[in-house]
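For reference, protein-v4.csv is printed below; it contains CSV, C-alpha atoms.
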chain,number,residue,atom,x,y,z
A,20,MET,CA,-27.2,49.2,83.1
A,21,THR,CA,-27.8,52.5,84.8
A,22,ASP,CA,-29.7,53.8,81.8
A,23,THR,CA,-31.9,50.6,82.0
A,24,LEU,CA,-32.6,51.2,85.7
A,25,GLN,CA,-33.4,54.8,85.0
A,26,ILE,CA,-35.9,53.8,82.3
A,27,VAL,CA,-37.5,51.2,84.7
A,28,VAL,CA,-37.9,53.8,87.5
A,29,SER,CA,-39.4,56.4,85.1
A,30,GLY,CA,-41.7,53.8,83.6
A,31,LEU,CA,-43.0,52.6,87.0
A,32,VAL,CA,-43.6,56.1,88.2
A,33,ASP,CA,-45.7,56.8,85.0
A,34,GLY,CA,-47.4,53.5,85.7
A,35,CYS,CA,-48.4,54.6,89.2
A,36,VAL,CA,-50.3,57.5,87.7
A,37,TYR,CA,-52.0,55.2,85.1
A,38,ALA,CA,-52.9,52.8,88.0
A,39,LEU,CA,-54.5,55.6,90.0
A,40,ILE,CA,-56.7,56.5,86.9
A,41,ALA,CA,-57.5,52.9,86.3
A,42,LEU,CA,-58.4,52.4,90.0
A,43,GLY,CA,-61.0,55.2,89.7
A,44,MET,CA,-62.4,53.7,86.5
A,45,THR,CA,-62.6,50.2,87.8
A,46,LEU,CA,-64.3,51.2,91.1
A,47,VAL,CA,-67.0,53.1,89.2
A,48,TYR,CA,-67.4,50.3,86.7
A,49,SER,CA,-67.8,47.7,89.5
A,50,ILE,CA,-70.7,49.7,91.1
A,51,SER,CA,-72.4,51.3,88.1
A,52,ARG,CA,-71.2,49.2,85.1
A,53,VAL,CA,-70.3,52.6,83.5
A,54,ILE,CA,-66.8,52.9,82.0
A,55,ASN,CA,-65.9,56.5,82.8
A,56,LEU,CA,-63.5,57.6,80.1
A,57,ALA,CA,-63.8,61.1,81.5
A,58,GLN,CA,-61.6,60.0,84.4
A,59,GLY,CA,-58.5,61.1,82.4
A,60,GLY,CA,-60.0,64.5,81.9
A,61,PHE,CA,-60.6,65.0,85.6
A,62,VAL,CA,-56.9,64.2,86.3
A,63,VAL,CA,-55.8,67.1,84.1
A,64,LEU,CA,-58.6,69.4,85.4
A,65,ALA,CA,-57.5,68.6,89.0
A,66,ALA,CA,-53.9,69.3,88.1
A,67,LEU,CA,-54.6,72.7,86.5
A,68,THR,CA,-56.9,73.6,89.3
A,69,ALA,CA,-54.1,72.9,91.7
A,70,VAL,CA,-51.7,75.1,89.7
A,71,SER,CA,-54.1,78.1,89.7
A,72,LEU,CA,-54.9,77.6,93.4
A,73,GLN,CA,-51.3,77.6,94.3
A,74,GLN,CA,-50.5,80.7,92.2
A,75,HIS,CA,-53.4,82.7,93.7
A,76,THR,CA,-53.2,81.6,97.3
A,77,GLY,CA,-49.5,80.8,97.8
A,78,LEU,CA,-50.4,77.7,99.8
A,79,SER,CA,-48.0,74.8,99.9
A,80,PRO,CA,-48.4,72.0,97.3
A,81,ILE,CA,-49.6,69.5,99.9
A,82,ALA,CA,-52.3,71.9,101.2
A,83,VAL,CA,-53.4,72.6,97.6
A,84,ALA,CA,-53.5,68.9,96.9
A,85,ALA,CA,-55.7,68.2,100.0
A,86,ILE,CA,-58.2,71.0,99.0
A,87,VAL,CA,-58.4,69.7,95.4
A,88,VAL,CA,-59.0,66.1,96.5
A,89,VAL,CA,-61.9,67.2,98.7
A,90,VAL,CA,-63.3,69.4,95.9
A,91,PHE,CA,-63.1,66.7,93.3
A,92,ALA,CA,-64.5,64.0,95.6
A,93,ALA,CA,-67.6,66.2,95.9
A,94,GLY,CA,-67.5,67.3,92.2
A,95,LEU,CA,-67.5,63.7,90.8
A,96,ALA,CA,-70.5,62.9,93.1
A,97,LEU,CA,-72.2,65.9,91.5
A,98,VAL,CA,-71.3,64.8,88.0
A,99,ASP,CA,-72.8,61.4,88.7
A,100,ARG,CA,-76.1,63.0,90.0
A,101,VAL,CA,-76.4,65.6,87.2
A,102,VAL,CA,-75.0,63.7,84.2
A,103,VAL,CA,-74.2,60.0,84.5
A,104,LEU,CA,-77.0,58.7,86.7
A,105,PRO,CA,-79.8,60.3,84.7
A,106,GLY,CA,-78.2,59.0,81.5
A,107,ALA,CA,-77.7,55.5,82.9
A,108,ARG,CA,-81.4,55.2,83.7
A,109,ARG,CA,-82.2,55.8,80.0
A,110,ALA,CA,-79.2,54.3,78.1
A,111,THR,CA,-77.4,51.0,78.0
A,112,PRO,CA,-73.8,50.8,79.3
A,113,ASP,CA,-72.5,50.8,75.7
A,114,ARG,CA,-74.2,54.2,75.1
A,115,MET,CA,-73.0,55.5,78.4
A,116,LEU,CA,-69.5,55.0,77.2
A,117,LEU,CA,-70.2,57.5,74.5
A,118,VAL,CA,-71.6,59.9,77.1
A,119,THR,CA,-68.4,59.8,79.0
A,120,VAL,CA,-66.4,60.3,75.8
A,121,GLY,CA,-68.5,63.5,75.3
A,122,LEU,CA,-67.8,64.5,78.9
A,123,LEU,CA,-64.1,64.0,78.3
A,124,GLN,CA,-64.2,66.3,75.2
A,125,ALA,CA,-66.2,68.9,77.2
A,126,ILE,CA,-63.5,68.9,79.9
A,127,GLY,CA,-60.9,69.4,77.2
A,128,GLY,CA,-62.8,72.3,75.8
A,129,PHE,CA,-63.2,73.8,79.2
A,130,LEU,CA,-59.5,73.6,79.9
A,131,LEU,CA,-58.7,75.3,76.6
A,132,LEU,CA,-61.2,78.1,77.4
A,133,VAL,CA,-59.9,78.7,80.9
A,134,TRP,CA,-56.2,77.9,80.8
A,135,GLY,CA,-55.5,78.3,77.1
A,136,ASN,CA,-53.2,76.1,75.1
A,137,LEU,CA,-50.1,76.6,77.2
A,138,PRO,CA,-48.6,73.7,79.3
A,139,TYR,CA,-48.5,74.1,83.1
A,140,THR,CA,-46.5,72.7,85.9
A,141,MET,CA,-46.3,73.2,89.7
A,142,ARG,CA,-43.8,73.4,92.5
A,143,PRO,CA,-42.9,69.9,93.8
A,144,PHE,CA,-44.0,68.6,97.2
A,145,PRO,CA,-41.5,69.1,100.0
A,146,PRO,CA,-38.7,68.1,100.3
A,147,ALA,CA,-37.8,69.1,96.8
A,148,GLY,CA,-34.6,67.6,95.3
A,149,THR,CA,-33.1,64.6,93.6
A,150,ALA,CA,-31.7,61.5,95.2
A,151,VAL,CA,-29.1,59.2,93.5
A,152,ALA,CA,-29.1,55.5,94.1
A,153,GLY,CA,-26.8,53.2,92.1
A,154,GLY,CA,-26.3,55.9,89.5
A,155,VAL,CA,-30.1,56.3,89.1
A,156,ARG,CA,-31.5,59.8,89.6
A,157,ILE,CA,-34.8,59.8,91.5
A,158,ASN,CA,-36.8,63.0,91.8
A,159,SER,CA,-38.2,63.3,95.3
A,160,GLN,CA,-41.7,63.8,93.8
A,161,TYR,CA,-41.5,60.2,92.6
A,162,PHE,CA,-41.7,59.0,96.2
A,163,TRP,CA,-45.0,61.0,96.6
A,164,ILE,CA,-46.5,59.5,93.5
A,165,VAL,CA,-45.6,55.9,94.5
A,166,GLY,CA,-46.6,56.6,98.1
A,167,VAL,CA,-50.0,58.0,97.1
A,168,LEU,CA,-50.7,54.9,95.0
A,169,ALA,CA,-49.7,52.6,97.8
A,170,LEU,CA,-51.8,54.4,100.3
A,171,SER,CA,-54.8,54.5,98.0
A,172,VAL,CA,-54.5,50.7,97.4
A,173,VAL,CA,-54.3,49.9,101.1
A,174,ALA,CA,-57.1,52.3,102.0
A,175,LEU,CA,-59.3,50.9,99.3
A,176,TRP,CA,-58.6,47.3,100.4
A,177,ALA,CA,-59.3,48.2,104.0
A,178,LEU,CA,-62.5,49.9,103.0
A,179,LEU,CA,-63.8,47.0,100.9
A,180,HIS,CA,-62.7,44.2,103.1
A,181,ARG,CA,-62.6,45.5,106.7
A,182,THR,CA,-65.7,47.7,106.9
A,183,ARG,CA,-69.4,47.1,106.7
A,184,LEU,CA,-69.7,49.8,104.1
A,185,GLY,CA,-67.1,47.9,102.0
A,186,LEU,CA,-69.2,44.7,102.4
A,187,VAL,CA,-72.2,46.6,101.1
A,188,MET,CA,-70.2,48.0,98.2
A,189,ARG,CA,-69.0,44.5,97.2
A,190,ALA,CA,-72.5,43.1,97.4
A,191,THR,CA,-73.7,46.0,95.2
A,192,ALA,CA,-70.9,45.3,92.7
A,193,GLY,CA,-71.7,41.6,92.6
A,194,ASN,CA,-75.5,41.9,92.1
A,195,PRO,CA,-77.0,45.4,92.4
A,196,GLU,CA,-80.6,44.2,91.9
A,197,ALA,CA,-80.3,41.6,94.7
A,198,ALA,CA,-78.6,44.2,97.0
A,199,GLU,CA,-81.4,46.7,96.3
A,200,LEU,CA,-84.0,44.0,97.2
A,201,LEU,CA,-82.2,43.5,100.5
A,202,GLY,CA,-82.6,47.2,101.3
A,203,VAL,CA,-79.3,48.6,100.1
A,204,ASN,CA,-79.5,52.2,98.9
A,205,THR,CA,-77.5,51.5,95.7
A,206,ASP,CA,-77.7,55.2,94.6
A,207,ARG,CA,-75.8,56.1,97.8
A,208,ILE,CA,-73.2,53.4,97.2
A,209,ARG,CA,-72.8,54.7,93.6
A,210,LEU,CA,-72.4,58.2,94.9
A,211,ILE,CA,-69.6,57.0,97.2
A,212,ALA,CA,-67.9,55.2,94.3
A,213,PHE,CA,-67.9,58.3,92.2
A,214,SER,CA,-66.6,60.4,95.1
A,215,LEU,CA,-63.7,58.0,95.6
A,216,SER,CA,-62.9,58.0,91.9
A,217,GLY,CA,-62.9,61.8,92.0
A,218,ALA,CA,-60.4,61.8,94.9
A,219,MET,CA,-58.2,59.4,93.0
A,220,ALA,CA,-58.3,61.6,89.9
A,221,ALA,CA,-57.2,64.6,92.0
A,222,LEU,CA,-54.5,62.6,93.7
A,223,ALA,CA,-53.1,61.5,90.3
A,224,GLY,CA,-53.2,65.0,88.9
A,225,THR,CA,-51.8,66.9,91.8
A,226,THR,CA,-48.9,64.5,92.4
A,227,VAL,CA,-47.8,64.1,88.8
A,228,ILE,CA,-48.0,67.8,87.6
A,229,PRO,CA,-44.8,68.8,89.5
A,230,VAL,CA,-42.8,66.4,87.3
A,231,THR,CA,-44.5,67.0,84.0
A,232,PHE,CA,-46.4,69.6,81.9
A,233,LEU,CA,-50.1,69.3,81.4
A,234,GLN,CA,-52.5,71.1,79.1
A,235,PHE,CA,-55.9,70.7,77.5
A,236,SER,CA,-54.7,68.2,74.9
A,237,THR,CA,-53.3,65.7,77.6
A,238,VAL,CA,-56.8,64.7,78.7
A,239,THR,CA,-57.1,62.1,75.9
A,240,PRO,CA,-53.7,60.3,76.5
A,241,TYR,CA,-54.5,60.0,80.2
A,242,ALA,CA,-58.0,58.7,79.4
A,243,VAL,CA,-56.7,56.1,77.0
A,244,ALA,CA,-53.9,55.1,79.3
A,245,GLY,CA,-56.2,54.6,82.3
A,246,PHE,CA,-58.8,52.7,80.1
A,247,VAL,CA,-56.1,50.4,78.7
A,248,ALA,CA,-54.6,49.8,82.1
A,249,ALA,CA,-58.0,49.0,83.6
A,250,VAL,CA,-59.1,46.6,80.8
A,251,ALA,CA,-55.7,44.9,80.5
A,252,GLY,CA,-55.6,44.3,84.2
A,253,GLY,CA,-59.2,43.1,84.3
A,254,LEU,CA,-62.1,45.5,84.7
A,255,GLY,CA,-63.5,45.4,88.2
A,256,SER,CA,-60.2,44.2,89.7
A,257,THR,CA,-58.2,46.5,92.0
A,258,ALA,CA,-55.1,44.4,91.6
A,259,GLY,CA,-55.6,44.4,87.9
A,260,ALA,CA,-55.8,48.2,87.7
A,261,VAL,CA,-52.5,48.5,89.5
A,262,GLY,CA,-50.9,45.7,87.5
A,263,GLY,CA,-52.2,47.0,84.2
A,264,GLY,CA,-51.0,50.6,85.0
A,265,LEU,CA,-47.5,49.6,86.0
A,266,ALA,CA,-47.2,47.3,82.9
A,267,LEU,CA,-48.3,50.1,80.6
A,268,GLY,CA,-46.0,52.6,82.1
A,269,LEU,CA,-43.1,50.2,81.9
A,270,LEU,CA,-43.8,49.2,78.3
A,271,GLN,CA,-44.0,52.9,77.3
A,272,ALA,CA,-40.7,53.7,78.9
A,273,VAL,CA,-38.9,50.8,77.4
A,274,PHE,CA,-40.2,51.5,73.9
A,275,SER,CA,-39.5,55.2,74.3
A,276,ARG,CA,-35.8,54.4,74.8
A,277,TYR,CA,-35.6,53.2,71.2
A,278,LEU,CA,-38.6,54.9,69.4
A,279,SER,CA,-40.4,58.3,69.5
A,280,SER,CA,-42.6,58.7,72.6
A,281,GLN,CA,-45.8,58.9,70.4
A,282,LEU,CA,-44.9,55.6,68.6
A,283,ALA,CA,-43.9,54.0,71.9
A,284,GLU,CA,-47.4,54.8,73.4
A,285,VAL,CA,-49.0,53.2,70.3
A,286,ILE,CA,-46.9,50.1,70.5
A,287,ALA,CA,-47.3,49.7,74.3
A,288,ILE,CA,-51.0,49.9,74.0
A,289,GLY,CA,-50.9,47.5,71.1
A,290,ALA,CA,-49.0,45.0,73.2
A,291,LEU,CA,-51.7,45.1,75.9
A,292,ILE,CA,-54.4,44.7,73.3
A,293,ALA,CA,-52.5,41.6,72.1
A,294,LEU,CA,-52.7,40.4,75.7
A,295,LEU,CA,-56.5,40.8,75.6
A,296,LEU,CA,-56.6,38.6,72.5
A,297,VAL,CA,-55.0,35.8,74.5
A,298,ARG,CA,-56.7,36.5,77.7
A,299,PRO,CA,-59.9,38.6,77.1
A,300,SER,CA,-60.7,39.0,80.9
A,301,GLY,CA,-57.3,40.7,81.4
A,302,MET,CA,-54.5,39.8,83.8
A,303,PHE,CA,-56.6,39.6,86.9
A,304,GLY,CA,-60.2,39.7,85.6
A,305,LYS,CA,-62.9,37.1,85.7
A,306,VAL,CA,-64.4,35.6,82.6
A,307,SER,CA,-67.9,36.3,84.0
A,308,GLU,CA,-67.1,40.0,84.1
A,309,VAL,CA,-66.4,40.0,80.4
A,310,ARG,CA,-69.5,38.1,79.5
A,311,ARG,CA,-71.7,40.4,81.5
As structure tokens, how would this structure be written, given the file I've shared?
Amino acid sequence: MTDTLQIVVSGLVDGCVYALIALGMTLVYSISRVINLAQGGFVVLAALTAVSLQQHTGLSPIAVAAIVVVVFAAGLALVDRVVVLPGARRATPDRMLLVTVGLLQAIGGFLLLVWGNLPYTMRPFPPAGTAVAGGVRINSQYFWIVGVLALSVVALWALLHRTRLGLVMRATAGNPEAAELLGVNTDRIRLIAFSLSGAMAALAGTTVIPVTFLQFSTVTPYAVAGFVAAVAGGLGSTAGAVGGGLALGLLQAVFSRYLSSQLAEVIAIGALIALLLVRPSGMFGKVSEVRR
């Protein structure tokens, strides 16, 4: 029983990271109709940036995370302006998917060039330690990961449903052409969406690296996990991104108990793909979103 609970806790924590990646993807997709597979690459880039920043400045992990979040929020806005937006004006969303795949591979190559092929980790956020509840060992960093996801979901919900900016963002997501005719600066709304996705990538990377090892080759697993979570939950749905991420993390943890971790990832992703065969719009998605 204790082993089962330990697996569930570990799976849900991994699922929180996948949910953060999926949230960034689904937010960008809602506004721009671009599926940004490079989001997984930015997670690893943010994590390794935090490692180097901490090693060279000696700042606390929380201070480092705050700096990296700000840098990546600005950086993703720049990426949109320099790479994604010009491409989207010339290419269809299907071809833009390939552009983001290329961007993901470029990030992997950059990581290999700068940080080499060694795995990296970072000091945990304070207070460091391990709690034991019902025989289940819970790393203190797990609370930070879960807390960051919960705070992100609440903040995003408040932004979208309790502010005028959120109303404009929802209008742009629903019908960008109509919103533009009504005077909405859709390019500015798009910039905000990419900035938020950059902040979420940085939050995911800086909170998970103290409990794992990341390197250039981990960009693809994170990209695939975030994409599967976003699609299985329902592209464009905030609740779906969270539900899909948690479900994927839990499935991977359960299958890893009996199989190798690589095979468990494949089977977990296969299970979610099977879900899409039954429900193409995902767990929380709308049929209209799929048809679009």
Inset, instruction - Measuring atom to atom with all atoms listed in the file, identify which of A:Thr76, A:Ser216, A:Ser29, A:Ser49 is nearest to Ala190 of chain A. - result: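 That would be A:Ser49, the residue with the smallest distance to Ala190 of chain A.
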Inset, instruction - Could you tell me which of A:Val227, A:Leu210, A:Gly30, A:Val273 comes closest to Ala65 of chain A if we count all atoms listed in the file? - result: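 Once distances to Ala65 of chain A are computed over all atoms listed in the file, the minimum belongs to A:Val227.
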Inset, instruction - Find the spatial neighbours of Leu178 of chain A, counting only C-alpha atoms, within a cut-off of 12 Å - ignore same-chain residues fewer than 3 positions away - and output them as a count of residues only. - result: 18
Legend entry - Å distance separating atom CA of Val165 of chain A from atom CA of Leu122 of chain A, one decimal place: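 So the answer is 28.5 Å.
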Inset, instruction - Would you mind reading off the distance between atom CA of Asp206 of chain A and atom CA of Gly255 of chain A, one decimal, in Å? - result: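 If I compute the distance from atom CA of Asp206 of chain A to atom CA of Gly255 of chain A, I get 18.4 Å.
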Inset, instruction - Work out how far apart atom CA of Val261 of chain A and atom CA of Arg100 of chain A are and give it in Å to one decimal. - result: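 It comes out at 27.7 Å.
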Inset, instruction - Please provide the set of residues having any atom within 10 Å of Val98 of chain A, restricted to only C-alpha atoms, with same-chain residues fewer than 6 positions apart removed, written as a list in words. - result: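 Contacts, with the query itself left out: Phe91, Leu104, Leu122, Leu210, Phe213, Ser214 and Gly217 of chain A.
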Legend entry - Residue among A:Leu201, A:Leu72, A:Leu294, A:Ala242 lying closest to Gly263 of chain A, counting only C-alpha atoms: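 Of all the options, A:Leu294 lies closest to Gly263 of chain A.
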Legend entry - Long-range neighbours of Ala260 of chain A as number ranges by chain, 10 Å cut-off, all atoms listed in the file, 3 positions minimum in chain: A: 35, 37-46, 245-257, 263-266, 301-304
Inset, instruction - Fewer than 3 positions away in the same chain doesn't count, so skip those; otherwise give me all residues within 12 Å of Gln25 of chain A, counting all atoms listed in the file, as a ChimeraX atom specification. - result: /A:20-22,28-32,151-158,269,272-273,276
Legend entry - Option closest in space to Thr237 of chain A, from A:Val88, A:Leu291, A:Leu95, A:Val63 [counting all atoms listed in the file]: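 Looking only at the distances to Thr237 of chain A, the closest residue turns out to be A:Val63.
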Please report, as lines of an AutoDock Vina configuration file, the centre and edge lengths in Å to one decimal of an axis-aligned box covering all listed atoms of segment 195-204 of chain A with 6 Å per side.
center_x = -80.5
center_y = 46.9
center_z = 96.6
size_x = 19.0
size_y = 22.6
size_z = 21.4
Inset, instruction - Go through A:Leu282, A:Ala221, A:Met141, A:Val297 and flag the residue nearest Gly59 of chain A, using only C-alpha atoms for the distances. - result: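 Closest to Gly59 of chain A, using only C-alpha atoms: A:Ala221.
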Legend entry - Residue nearest Leu168 of chain A - candidates A:Gln58, A:Thr23, A:Thr226, A:Asn194, atoms counted: all atoms listed in the file: A:Thr226
Legend entry - Leu132 of chain A surroundings by all atoms listed in the file, 12 Å radius, close-in-sequence under 6 positions cut, as a ChimeraX atom specification: /A:125-126,234-235
